[in-house]
file final.cif (mmCIF, C-alpha atoms)
data_model
#
loop_
_atom_site.label_atom_id
_atom_site.label_comp_id
_atom_site.auth_asym_id
_atom_site.auth_seq_id
_atom_site.Cartn_x
_atom_site.Cartn_y
_atom_site.Cartn_z
CA MET A 1 -46.58 2.12 -15.81
CA PRO A 2 -49.57 0.05 -14.64
CA LEU A 3 -50.35 -3.32 -16.17
CA GLU A 4 -53.48 -3.70 -18.31
CA THR A 5 -56.26 -6.26 -18.39
CA PRO A 6 -56.31 -8.14 -21.73
CA LEU A 7 -59.97 -7.04 -21.99
CA LEU A 8 -59.18 -3.33 -21.85
CA ASP A 9 -60.27 -2.59 -25.44
CA LEU A 10 -63.51 -4.53 -24.93
CA HIS A 11 -64.33 -2.55 -21.79
CA ARG A 12 -63.46 0.79 -23.35
CA ALA A 13 -65.74 -0.03 -26.29
CA SER A 14 -68.58 -0.43 -23.77
CA ARG A 15 -67.62 2.94 -22.22
CA ALA A 16 -66.59 1.47 -18.89
CA GLU A 17 -64.68 3.73 -16.52
CA ILE A 18 -61.13 2.45 -16.06
CA SER A 19 -58.97 2.84 -12.94
CA GLU A 20 -55.94 1.19 -11.42
CA TYR A 21 -56.45 -1.69 -9.00
CA PHE A 22 -53.69 -4.07 -7.86
CA GLY A 23 -51.33 -2.21 -10.20
CA THR A 24 -53.55 -3.07 -13.18
CA LEU A 25 -55.93 -1.00 -15.31
CA LEU A 26 -59.36 -2.59 -14.74
CA PRO A 27 -63.00 -1.48 -14.95
CA SER A 28 -64.03 0.62 -11.97
CA ARG A 29 -67.61 1.04 -13.26
CA PHE A 30 -69.58 -0.16 -16.24
CA GLY A 31 -72.42 2.25 -15.50
CA ASP A 32 -74.40 2.89 -12.34
CA PHE A 33 -72.58 2.13 -9.09
CA THR A 34 -75.77 1.26 -7.21
CA ALA A 35 -76.85 -1.27 -9.86
CA GLU A 36 -73.45 -2.95 -9.80
CA TYR A 37 -73.39 -2.98 -6.00
CA ARG A 38 -76.88 -4.52 -5.96
CA ALA A 39 -75.87 -7.18 -8.49
CA ALA A 40 -72.80 -8.23 -6.50
CA ARG A 41 -74.59 -8.23 -3.15
CA HIS A 42 -78.05 -9.55 -4.07
CA ALA A 43 -77.78 -11.44 -7.37
CA VAL A 44 -74.66 -12.23 -9.42
CA ALA A 45 -71.89 -10.06 -10.83
CA LEU A 46 -69.33 -10.75 -13.53
CA ALA A 47 -65.95 -9.19 -12.72
CA ASP A 48 -62.72 -8.79 -14.68
CA THR A 49 -60.02 -9.98 -12.27
CA ASN A 50 -57.01 -10.03 -14.58
CA PHE A 51 -54.66 -8.69 -11.91
CA ARG A 52 -53.38 -12.20 -11.18
CA ALA A 53 -50.13 -13.99 -11.96
CA PHE A 54 -49.90 -17.76 -12.44
CA PHE A 55 -47.05 -20.20 -11.93
CA SER A 56 -46.82 -23.92 -12.61
CA PHE A 57 -44.76 -26.34 -10.52
CA SER A 58 -44.06 -29.83 -11.83
CA GLY A 59 -41.67 -32.59 -10.81
CA PRO A 60 -41.75 -35.18 -8.00
CA ASP A 61 -40.69 -32.72 -5.26
CA ARG A 62 -43.26 -30.02 -6.07
CA GLN A 63 -45.46 -30.48 -3.00
CA ARG A 64 -42.61 -30.88 -0.55
CA TYR A 65 -40.89 -27.81 -2.00
CA LEU A 66 -43.94 -25.53 -1.88
CA ASN A 67 -44.81 -26.77 1.60
CA ALA A 68 -41.39 -25.56 2.74
CA VAL A 69 -41.72 -22.02 1.34
CA LEU A 70 -45.42 -21.22 1.88
CA THR A 71 -47.43 -20.84 5.10
CA SER A 72 -50.25 -23.08 3.81
CA ASN A 73 -50.38 -26.89 3.93
CA VAL A 74 -49.48 -27.86 0.36
CA ARG A 75 -48.02 -31.21 1.42
CA ASP A 76 -51.41 -32.87 1.91
CA LEU A 77 -53.26 -31.45 -1.10
CA LYS A 78 -54.91 -34.01 -3.38
CA PRO A 79 -55.82 -33.28 -7.02
CA GLY A 80 -58.86 -30.99 -7.02
CA GLN A 81 -57.94 -29.41 -3.68
CA GLY A 82 -56.40 -26.02 -3.00
CA ALA A 83 -55.11 -23.79 -0.21
CA ILE A 84 -54.49 -20.10 0.41
CA GLY A 85 -51.21 -19.03 1.97
CA LEU A 86 -48.39 -16.52 2.07
CA LEU A 87 -44.85 -16.30 0.79
CA LEU A 88 -42.81 -14.74 3.59
CA THR A 89 -39.31 -13.39 4.02
CA PRO A 90 -37.13 -15.06 6.66
CA GLN A 91 -38.10 -12.09 8.87
CA GLY A 92 -41.79 -13.01 8.51
CA HIS A 93 -42.83 -10.16 6.20
CA ILE A 94 -45.36 -10.81 3.44
CA LEU A 95 -43.87 -10.99 -0.06
CA ALA A 96 -47.00 -12.38 -1.76
CA GLU A 97 -50.37 -13.99 -1.21
CA VAL A 98 -50.31 -17.35 -2.99
CA GLU A 99 -53.18 -19.75 -3.65
CA THR A 100 -52.15 -23.27 -4.71
CA PHE A 101 -54.23 -25.77 -6.68
CA ALA A 102 -53.20 -29.42 -6.92
CA LEU A 103 -53.62 -31.11 -10.31
CA ALA A 104 -52.67 -34.66 -11.24
CA GLU A 105 -49.22 -33.82 -12.62
CA ARG A 106 -48.51 -30.31 -11.35
CA ILE A 107 -49.47 -27.56 -8.95
CA LEU A 108 -50.90 -24.30 -10.28
CA ALA A 109 -50.26 -21.25 -8.10
CA SER A 110 -51.99 -17.88 -8.30
CA SER A 111 -50.59 -14.61 -6.96
CA HIS A 112 -50.66 -10.93 -8.03
CA ALA A 113 -49.17 -9.69 -11.29
CA MET A 114 -47.86 -6.52 -9.66
CA VAL A 115 -45.34 -8.66 -7.73
CA ARG A 116 -44.96 -11.27 -10.46
CA GLU A 117 -41.22 -10.87 -11.04
CA ARG A 118 -40.37 -10.76 -7.35
CA THR A 119 -42.54 -13.79 -6.64
CA PHE A 120 -41.09 -15.81 -9.52
CA SER A 121 -37.51 -14.97 -8.57
CA THR A 122 -38.13 -15.89 -4.93
CA PHE A 123 -39.62 -19.24 -5.91
CA ASP A 124 -36.75 -19.85 -8.31
CA LYS A 125 -34.10 -18.91 -5.74
CA PHE A 126 -35.28 -21.53 -3.26
CA ILE A 127 -35.23 -24.38 -5.80
CA ILE A 128 -31.77 -25.76 -5.05
CA MET A 129 -31.70 -29.54 -4.61
CA ASP A 130 -35.39 -30.09 -5.33
CA ASP A 131 -36.59 -31.82 -8.48
CA VAL A 132 -39.04 -29.08 -9.40
CA ALA A 133 -39.69 -27.30 -12.70
CA LEU A 134 -41.08 -23.75 -12.36
CA GLU A 135 -42.91 -22.05 -15.24
CA ASP A 136 -44.48 -18.60 -15.42
CA MET A 137 -47.97 -19.05 -16.93
CA THR A 138 -49.17 -15.46 -16.53
CA SER A 139 -49.00 -14.39 -20.17
CA SER A 140 -51.14 -17.34 -21.30
CA THR A 141 -53.70 -17.33 -18.47
CA GLY A 142 -56.61 -15.09 -17.53
CA THR A 143 -59.40 -14.95 -14.94
CA LEU A 144 -62.95 -13.77 -14.51
CA ASP A 145 -64.92 -13.98 -11.27
CA LEU A 146 -68.59 -14.68 -10.63
CA VAL A 147 -69.72 -13.36 -7.24
CA GLY A 148 -73.03 -12.94 -5.46
CA PRO A 149 -75.70 -15.24 -3.97
CA ARG A 150 -76.79 -16.52 -7.40
CA ALA A 151 -73.30 -17.33 -8.67
CA ALA A 152 -73.50 -21.01 -7.69
CA GLU A 153 -76.90 -21.35 -9.35
CA LEU A 154 -75.59 -19.85 -12.58
CA ILE A 155 -72.54 -22.14 -12.66
CA SER A 156 -74.72 -25.15 -11.96
CA GLU A 157 -76.90 -24.30 -14.95
CA LEU A 158 -74.02 -23.64 -17.34
CA ALA A 159 -71.47 -26.25 -16.25
CA ARG A 160 -73.49 -28.83 -14.28
CA VAL A 161 -71.13 -28.26 -11.34
CA ASP A 162 -72.35 -27.55 -7.80
CA ILE A 163 -69.65 -25.34 -6.29
CA SER A 164 -71.72 -24.92 -3.12
CA ALA A 165 -70.69 -28.49 -2.23
CA PHE A 166 -66.97 -27.67 -2.66
CA PRO A 167 -64.65 -26.66 0.20
CA ALA A 168 -62.65 -23.44 -0.10
CA SER A 169 -60.14 -23.38 -2.99
CA ALA A 170 -61.40 -26.69 -4.43
CA HIS A 171 -61.44 -26.70 -8.22
CA ILE A 172 -62.58 -28.63 -11.27
CA GLU A 173 -62.07 -28.49 -15.02
CA ALA A 174 -65.38 -27.86 -16.78
CA ALA A 175 -66.92 -26.02 -19.73
CA LEU A 176 -68.95 -22.84 -19.32
CA GLY A 177 -70.99 -22.83 -22.47
CA SER A 178 -68.49 -23.81 -25.15
CA ILE A 179 -65.37 -22.64 -23.31
CA PRO A 180 -63.25 -24.93 -21.08
CA CYS A 181 -61.95 -23.38 -17.87
CA ARG A 182 -60.94 -24.26 -14.34
CA ILE A 183 -63.63 -23.34 -11.82
CA ILE A 184 -62.22 -22.51 -8.38
CA ARG A 185 -64.51 -22.22 -5.38
CA HIS A 186 -64.18 -18.99 -3.42
CA THR A 187 -66.52 -17.28 -0.95
CA TRP A 188 -68.20 -13.89 -1.32
CA ILE A 189 -70.15 -12.41 1.63
CA ASP A 190 -70.86 -15.95 2.90
CA HIS A 191 -72.00 -17.22 -0.51
CA PRO A 192 -70.17 -19.56 -2.93
CA ALA A 193 -68.31 -17.66 -5.63
CA ALA A 194 -66.03 -18.73 -8.45
CA MET A 195 -62.74 -17.74 -9.98
CA LEU A 196 -62.70 -18.90 -13.61
CA VAL A 197 -59.23 -19.64 -14.98
CA VAL A 198 -59.14 -19.71 -18.78
CA ALA A 199 -56.65 -19.57 -21.63
CA ARG A 200 -55.96 -15.89 -22.26
CA GLU A 201 -57.01 -16.04 -25.92
CA GLN A 202 -60.48 -17.17 -24.80
CA LEU A 203 -61.03 -14.44 -22.20
CA ALA A 204 -63.11 -12.18 -24.43
CA ALA A 205 -65.24 -15.09 -25.63
CA LEU A 206 -65.87 -16.22 -22.03
CA TRP A 207 -66.84 -12.69 -20.98
CA GLN A 208 -69.34 -12.47 -23.83
CA GLU A 209 -70.60 -16.00 -23.14
CA LEU A 210 -71.34 -15.14 -19.52
CA GLU A 211 -72.75 -11.63 -19.82
CA GLY A 212 -76.18 -12.73 -21.06
CA PRO A 213 -76.77 -15.46 -18.43
CA VAL A 214 -75.58 -13.11 -15.70
CA ARG A 215 -78.17 -10.51 -16.71
CA ALA A 216 -80.83 -13.23 -17.00
CA HIS A 217 -80.21 -14.04 -13.31
CA GLY A 218 -80.78 -10.42 -12.29
CA GLY A 219 -77.11 -9.54 -12.28
CA ALA A 220 -74.68 -7.45 -14.29
CA PRO A 221 -70.99 -6.90 -14.96
CA ALA A 222 -69.53 -5.07 -11.96
CA GLY A 223 -66.47 -2.90 -11.70
CA LEU A 224 -63.96 -2.94 -8.88
CA GLU A 225 -65.51 0.16 -7.26
CA ALA A 226 -68.62 -1.76 -6.19
CA LEU A 227 -66.63 -4.86 -5.24
CA ASN A 228 -64.28 -2.72 -3.16
CA SER A 229 -67.17 -1.27 -1.15
CA ILE A 230 -68.58 -4.73 -0.45
CA ARG A 231 -65.26 -6.27 0.53
CA LEU A 232 -64.68 -3.41 3.00
CA GLU A 233 -68.15 -3.93 4.46
CA SER A 234 -67.15 -7.59 4.78
CA GLY A 235 -63.86 -6.72 6.45
CA THR A 236 -61.78 -8.42 3.75
CA ALA A 237 -58.20 -7.18 3.37
CA TRP A 238 -56.61 -6.94 -0.08
CA PHE A 239 -52.96 -7.71 -0.75
CA GLY A 240 -51.06 -4.65 -1.96
CA GLN A 241 -53.66 -2.35 -0.43
CA ASP A 242 -54.03 -3.44 3.18
CA TYR A 243 -50.93 -5.60 3.60
CA ASP A 244 -47.62 -6.10 1.81
CA GLU A 245 -43.92 -6.57 2.51
CA ARG A 246 -44.10 -4.07 5.39
CA ASN A 247 -46.43 -6.33 7.37
CA ILE A 248 -46.37 -9.65 9.17
CA PRO A 249 -49.42 -11.97 9.03
CA HIS A 250 -50.71 -11.27 12.56
CA GLU A 251 -50.82 -7.53 11.94
CA ALA A 252 -52.99 -8.10 8.86
CA GLY A 253 -55.31 -10.57 10.61
CA LEU A 254 -54.27 -13.48 8.40
CA GLU A 255 -53.05 -15.85 11.10
CA LEU A 256 -56.17 -18.05 10.95
CA SER A 257 -57.01 -17.91 7.25
CA HIS A 258 -53.56 -18.15 5.63
CA ILE A 259 -51.38 -20.18 8.00
CA SER A 260 -51.27 -23.89 8.82
CA TYR A 261 -49.83 -24.62 12.25
CA GLU A 262 -49.63 -28.39 11.70
CA LYS A 263 -47.62 -28.58 8.46
CA GLY A 264 -44.04 -28.31 9.66
CA CYS A 265 -41.28 -25.82 8.86
CA TYR A 266 -41.48 -23.02 6.28
CA THR A 267 -39.69 -19.77 5.54
CA GLY A 268 -40.59 -17.13 8.15
CA GLN A 269 -42.06 -19.63 10.61
CA GLU A 270 -39.86 -18.54 13.50
CA ILE A 271 -41.30 -15.01 13.48
CA VAL A 272 -44.87 -16.27 13.04
CA GLU A 273 -44.50 -18.58 16.04
CA ARG A 274 -42.85 -15.87 18.13
CA VAL A 275 -45.78 -13.48 17.60
CA ARG A 276 -48.24 -16.32 18.15
CA SER A 277 -46.66 -17.23 21.49
CA ARG A 278 -46.71 -13.56 22.55
CA GLY A 279 -50.43 -13.53 21.86
CA HIS A 280 -50.67 -10.27 19.92
CA ALA A 281 -49.06 -7.88 17.46
CA ASN A 282 -48.35 -4.31 18.46
CA ARG A 283 -50.70 -3.03 15.77
CA ARG A 284 -53.63 -4.63 14.00
CA LEU A 285 -55.63 -4.10 10.81
CA THR A 286 -58.87 -2.66 12.13
CA GLY A 287 -62.30 -1.67 10.81
CA LEU A 288 -63.00 2.06 10.71
CA GLN A 289 -65.89 4.37 9.94
CA PHE A 290 -65.49 8.04 9.09
CA LEU A 291 -68.15 10.30 10.48
CA ALA A 292 -67.99 13.08 7.87
CA GLY A 293 -66.60 13.95 4.48
CA GLU A 294 -65.15 11.80 1.72
CA PRO A 295 -63.21 8.53 2.16
CA PRO A 296 -59.69 9.43 3.29
CA ALA A 297 -56.77 8.52 1.06
CA PRO A 298 -54.59 5.50 1.81
CA GLY A 299 -51.78 6.51 4.13
CA THR A 300 -53.86 9.11 6.01
CA LYS A 301 -52.54 9.19 9.57
CA LEU A 302 -54.74 8.36 12.55
CA PHE A 303 -54.36 10.18 15.87
CA PHE A 304 -55.59 9.54 19.41
CA THR A 305 -55.63 12.64 21.65
CA GLY A 306 -53.00 14.22 19.42
CA ASN A 307 -50.65 11.25 19.32
CA GLU A 308 -50.15 9.18 16.18
CA ALA A 309 -52.02 5.87 16.53
CA GLY A 310 -51.92 4.36 13.03
CA HIS A 311 -52.89 4.98 9.42
CA VAL A 312 -55.63 4.22 6.90
CA THR A 313 -54.92 1.56 4.25
CA SER A 314 -58.16 1.72 2.24
CA ALA A 315 -61.55 3.43 2.37
CA ALA A 316 -64.76 3.72 0.33
CA ILE A 317 -68.41 4.68 0.69
CA SER A 318 -70.50 2.00 2.41
CA PRO A 319 -74.06 1.91 1.06
CA LEU A 320 -75.05 -0.10 4.15
CA LEU A 321 -73.96 2.65 6.54
CA GLY A 322 -74.34 5.64 4.25
CA ARG A 323 -70.86 6.92 5.14
CA PRO A 324 -67.22 6.09 4.37
CA ILE A 325 -65.70 3.02 5.99
CA GLY A 326 -62.27 1.49 5.68
CA LEU A 327 -59.43 -0.50 7.11
CA GLY A 328 -56.32 0.76 8.82
CA TYR A 329 -53.53 -0.20 11.15
CA VAL A 330 -54.20 0.93 14.71
CA ARG A 331 -51.97 0.46 17.73
CA ARG A 332 -53.28 -2.27 20.00
CA GLU A 333 -54.01 0.04 22.92
CA HIS A 334 -56.33 2.17 20.72
CA SER A 335 -58.07 -0.62 18.77
CA SER A 336 -61.09 -1.29 21.01
CA ILE A 337 -64.49 -1.06 19.31
CA GLY A 338 -65.91 2.45 19.69
CA THR A 339 -62.56 4.20 20.14
CA ARG A 340 -62.69 7.66 18.56
CA LEU A 341 -59.75 8.68 16.37
CA ASP A 342 -58.80 11.67 14.26
CA ALA A 343 -58.07 10.80 10.61
CA SER A 344 -55.99 13.93 9.96
CA GLY A 345 -58.97 16.24 10.48
CA THR A 346 -61.84 13.78 9.92
CA ALA A 347 -63.56 12.13 12.88
CA ALA A 348 -63.16 8.34 12.81
CA GLU A 349 -64.26 5.44 14.97
CA VAL A 350 -63.08 1.86 15.35
CA ILE A 351 -65.89 -0.51 14.30
CA SER A 352 -66.48 -4.24 14.09
CA LEU A 353 -66.60 -5.79 10.63
CA PRO A 354 -68.47 -7.15 8.76
CA VAL A 355 -71.19 -4.52 8.59
CA LEU A 356 -74.54 -6.25 8.93
CA GLU A 357 -76.91 -5.70 6.03
CA LYS A 358 -79.92 -3.76 7.27
CA ASN A 359 -79.89 -0.23 5.85
CA PHE A 360 -79.42 -0.75 2.13
CA SER A 361 -82.60 -0.54 0.09
CA GLY A 362 -81.01 -0.41 -3.41
#

call {"tool": "encode", "arguments": {"input": "final.cif", "output": "structure tokens"}}
result
Amino acid sequence: MPLETPLLDLHRASRAEISEYFGTLLPSRFGDFTAEYRAARHAVALADTNFRAFFSFSGPDRQRYLNAVLTSNVRDLKPGQGAIGLLLTPQGHILAEVETFALAERILASSHAMVRERTFSTFDKFIIMDDVALEDMTSSTGTLDLVGPRAAELISELARVDISAFPASAHIEAALGSIPCRIIRHTWIDHPAAMLVVAREQLAALWQELEGPVRAHGGAPAGLEALNSIRLESGTAWFGQDYDERNIPHEAGLELSHISYEKGCYTGQEIVERVRSRGHANRRLTGLQFLAGEPPAPGTKLFFTGNEAGHVTSAAISPLLGRPIGLGYVRREHSSIGTRLDASGTAAEVISLPVLEKNFSG
């Protein structure tokens, strides 16, 4: 059974369409896809992102411990700073994507609720001689995201915080209207965006507090369908969709964004360094466009001159190109830009991502 956003009843009352994303029932559309796409790309969109899990680490060894089990540099984080990384198996496969946020007395970590139990148990298993207290905060924590080029402007007006001056994953405690939350700086199509972490019992109030200002800035609530199209146009891979425990970081293109090479030892490092020294992975997550028909389903096989060359991980309609695009794993020898492939009966082509914005008129 899929998980459910705590705001499910609120969204159903507004007649939103509901679908499963990240193993969680979330809004896919609130109304018109084009309007939601336009809001997220050209103004500001409010998104329900309650597919996340949260863990708290306290105790004097918390930074040293997390630095030893994650690929990111947690050791050097100061309060207000954050980092994105991966939890790997000893064989270098990806168990979870984990973002860590340093606070004065603890570290808050965000992952995905669909792998919550596995992630918690893995963290717990590695705490042996370390003075670290681990707590699962998922049931008491929720998130909303503000994305789009006007997101920073809206947050500045409501919270008097300029997230455009923050580095990636930096965070601050502030009030949006009357509701306290932690504002975390993310990036959305090269613009500052925010993940808002709030006590779960205040999620509905925060949603209602933000909906009016979002519309006043030319935006709207947006479902995951529109956000999915934009993230594919941007070439952004999603955990659980485009990479998981079957993949190593270099295959998924995460070796620059999710790994610190200066931090010292961590679980799975030997494999990461072996692939790095070799200079390539045998297959790579690659941008694709499909030249006819509907977006192919995840898992659709890709062929080159009749021989299997990879498979599709995700696909959606791109308003910028006016055709389906997606991501998929393609063998290195067939991954050059312009290579023609057969997606199990649909013509496909390897493309460079992101797609440049030039064709969408809204």

call {"tool": "resolve_selection", "arguments": {"input": "final.cif", "expression": "the PyMOL selection byres ((chain A and resi 289) around 8)", "output": "PyMOL selection string"}}
result
chain A and resi 287-288+290-291+323-326+348-351

call {"tool": "resolve_selection", "arguments": {"input": "final.cif", "expression": "the PyMOL selection byres ((chain A and resi 316) around 12)", "output": "JSON, numbers by chain"}}
result
{"A": [224, 225, 226, 227, 228, 229, 230, 231, 232, 233, 288, 289, 290, 293, 294, 295, 296, 297, 298, 312, 313, 314, 315, 317, 318, 319, 320, 321, 322, 323, 324, 325, 326, 327]}

call {"tool": "residues_around", "arguments": {"input": "final.cif", "residues": "region 300-309 of chain A", "least_positions_apart": "3", "cutoff": "10 Å", "atoms": "all atoms listed in the file", "output": "JSON list (two decimals) with C-alpha atoms, in the coordinates of the input"}}
result
[["chain", "number", "residue", "atom", "x", "y", "z"],
["A", 283, "ARG", "CA", -50.70, -3.03, 15.77],
["A", 296, "PRO", "CA", -59.69, 9.43, 3.29],
["A", 297, "ALA", "CA", -56.77, 8.52, 1.06],
["A", 312, "VAL", "CA", -55.63, 4.22, 6.90],
["A", 313, "THR", "CA", -54.92, 1.56, 4.25],
["A", 314, "SER", "CA", -58.16, 1.72, 2.24],
["A", 328, "GLY", "CA", -56.32, 0.76, 8.82],
["A", 329, "TYR", "CA", -53.53, -0.20, 11.15],
["A", 330, "VAL", "CA", -54.20, 0.93, 14.71],
["A", 331, "ARG", "CA", -51.97, 0.46, 17.73],
["A", 332, "ARG", "CA", -53.28, -2.27, 20.00],
["A", 333, "GLU", "CA", -54.01, 0.04, 22.92],
["A", 334, "HIS", "CA", -56.33, 2.17, 20.72],
["A", 335, "SER", "CA", -58.07, -0.62, 18.77],
["A", 339, "THR", "CA", -62.56, 4.20, 20.14],
["A", 340, "ARG", "CA", -62.69, 7.66, 18.56],
["A", 341, "LEU", "CA", -59.75, 8.68, 16.37],
["A", 342, "ASP", "CA", -58.80, 11.67, 14.26],
["A", 343, "ALA", "CA", -58.07, 10.80, 10.61],
["A", 344, "SER", "CA", -55.99, 13.93, 9.96],
["A", 345, "GLY", "CA", -58.97, 16.24, 10.48],
["A", 346, "THR", "CA", -61.84, 13.78, 9.92],
["A", 347, "ALA", "CA", -63.56, 12.13, 12.88],
["A", 348, "ALA", "CA", -63.16, 8.34, 12.81]]

call {"tool": "closest_atom_pairs", "arguments": {"input": "final.cif", "of": "region 58-145 of chain A", "to": "region 22-32 of chain A", "cutoff": "8 Å", "atoms": "all atoms listed in the file", "output": "CSV"}}
result
residue,atom,partner,partner_atom,distance
A:His112,CA,A:Phe22,CA,7.5
A:Ala113,CA,A:Gly23,CA,7.9
A:Met114,CA,A:Gly23,CA,5.6

call {"tool": "write_last_selection", "arguments": {"input": "final.cif", "atoms": "C-alpha atoms", "output": "PDB file, keeping the file's coordinate frame"}}
result
ATOM      1  CA  HIS A 112     -50.660 -10.930  -8.030  1.00  0.00           C
ATOM      2  CA  ALA A 113     -49.170  -9.690 -11.290  1.00  0.00           C
ATOM      3  CA  MET A 114     -47.860  -6.520  -9.660  1.00  0.00           C
TER       4      MET A 114
END

call {"tool": "resolve_selection", "arguments": {"input": "final.cif", "expression": "the PyMOL selection byres ((chain A and resi 189) around 10)", "output": "PDB file with C-alpha atoms, in the coordinates of the input"}}
result
ATOM      1  CA  ALA A  40     -72.800  -8.230  -6.500  1.00  0.00           C
ATOM      2  CA  ARG A  41     -74.590  -8.230  -3.150  1.00  0.00           C
ATOM      3  CA  VAL A 147     -69.720 -13.360  -7.240  1.00  0.00           C
ATOM      4  CA  GLY A 148     -73.030 -12.940  -5.460  1.00  0.00           C
ATOM      5  CA  PRO A 149     -75.700 -15.240  -3.970  1.00  0.00           C
ATOM      6  CA  THR A 187     -66.520 -17.280  -0.950  1.00  0.00           C
ATOM      7  CA  TRP A 188     -68.200 -13.890  -1.320  1.00  0.00           C
ATOM      8  CA  ASP A 190     -70.860 -15.950   2.900  1.00  0.00           C
ATOM      9  CA  HIS A 191     -72.000 -17.220  -0.510  1.00  0.00           C
ATOM     10  CA  PRO A 192     -70.170 -19.560  -2.930  1.00  0.00           C
ATOM     11  CA  ALA A 193     -68.310 -17.660  -5.630  1.00  0.00           C
ATOM     12  CA  ILE A 230     -68.580  -4.730  -0.450  1.00  0.00           C
ATOM     13  CA  ARG A 231     -65.260  -6.270   0.530  1.00  0.00           C
ATOM     14  CA  GLU A 233     -68.150  -3.930   4.460  1.00  0.00           C
ATOM     15  CA  SER A 234     -67.150  -7.590   4.780  1.00  0.00           C
ATOM     16  CA  GLY A 235     -63.860  -6.720   6.450  1.00  0.00           C
ATOM     17  CA  THR A 236     -61.780  -8.420   3.750  1.00  0.00           C
ATOM     18  CA  PRO A 354     -68.470  -7.150   8.760  1.00  0.00           C
TER      19      PRO A 354
END

call {"tool": "atom_distance", "arguments": {"input": "final.cif", "atom1": "CA of Gly223 (chain A)", "atom2": "CA of His186 (chain A)"}}
result
18.2 Å

call {"tool": "closest_residue", "arguments": {"input": "final.cif", "among": "A:Val98, A:Ala292, A:Val132, A:Val115", "to": "Pro2 (chain A)", "atoms": "all atoms listed in the file"}}
result
A:Val115

call {"tool": "closest_residue", "arguments": {"input": "final.cif", "among": "A:Asn73, A:Thr141, A:Thr34, A:Thr49", "to": "Leu8 (chain A)", "atoms": "all atoms listed in the file"}}
result
A:Thr49

call {"tool": "atom_distance", "arguments": {"input": "final.cif", "atom1": "CA of Asp61 (chain A)", "atom2": "CA of Ile271 (chain A)"}}
result
25.8 Å

call {"tool": "closest_residue", "arguments": {"input": "final.cif", "among": "A:Ala170, A:Ala39, A:Ile107, A:Ile179", "to": "Pro60 (chain A)", "atoms": "only C-alpha atoms"}}
result
A:Ile107

call {"tool": "build_atoms", "arguments": {"input": "final.cif", "residues": "region 173-185 of chain A", "atoms": "N, CA and C atoms", "output": "compact mmCIF listing (two decimals), keeping the file's coordinate frame"}}
result
# COMPACT_ATOMS: atom_id res chain seq x y z
N GLU A 173 -62.09 -28.89 -13.61
CA GLU A 173 -62.07 -28.49 -15.02
C GLU A 173 -63.45 -28.73 -15.60
N ALA A 174 -64.04 -27.73 -16.22
CA ALA A 174 -65.38 -27.86 -16.78
C ALA A 174 -65.53 -26.85 -17.91
N ALA A 175 -66.62 -26.96 -18.65
CA ALA A 175 -66.92 -26.02 -19.73
C ALA A 175 -68.06 -25.11 -19.30
N LEU A 176 -67.87 -23.82 -19.49
CA LEU A 176 -68.95 -22.84 -19.32
C LEU A 176 -69.42 -22.47 -20.72
N GLY A 177 -70.58 -22.94 -21.08
CA GLY A 177 -70.99 -22.83 -22.47
C GLY A 177 -70.08 -23.69 -23.32
N SER A 178 -69.39 -23.08 -24.26
CA SER A 178 -68.49 -23.81 -25.15
C SER A 178 -67.02 -23.66 -24.76
N ILE A 179 -66.75 -23.01 -23.63
CA ILE A 179 -65.37 -22.64 -23.31
C ILE A 179 -64.87 -23.41 -22.08
N PRO A 180 -63.81 -24.21 -22.23
CA PRO A 180 -63.25 -24.93 -21.08
C PRO A 180 -62.51 -23.98 -20.15
N CYS A 181 -62.67 -24.19 -18.86
CA CYS A 181 -61.95 -23.38 -17.87
C CYS A 181 -61.84 -24.17 -16.58
N ARG A 182 -61.03 -23.67 -15.68
CA ARG A 182 -60.94 -24.26 -14.34
C ARG A 182 -61.78 -23.41 -13.41
N ILE A 183 -62.73 -24.03 -12.73
CA ILE A 183 -63.63 -23.34 -11.82
C ILE A 183 -63.11 -23.55 -10.40
N ILE A 184 -62.79 -22.46 -9.72
CA ILE A 184 -62.22 -22.51 -8.38
C ILE A 184 -63.22 -21.91 -7.40
N ARG A 185 -63.50 -22.64 -6.34
CA ARG A 185 -64.51 -22.22 -5.38
C ARG A 185 -63.92 -21.21 -4.39
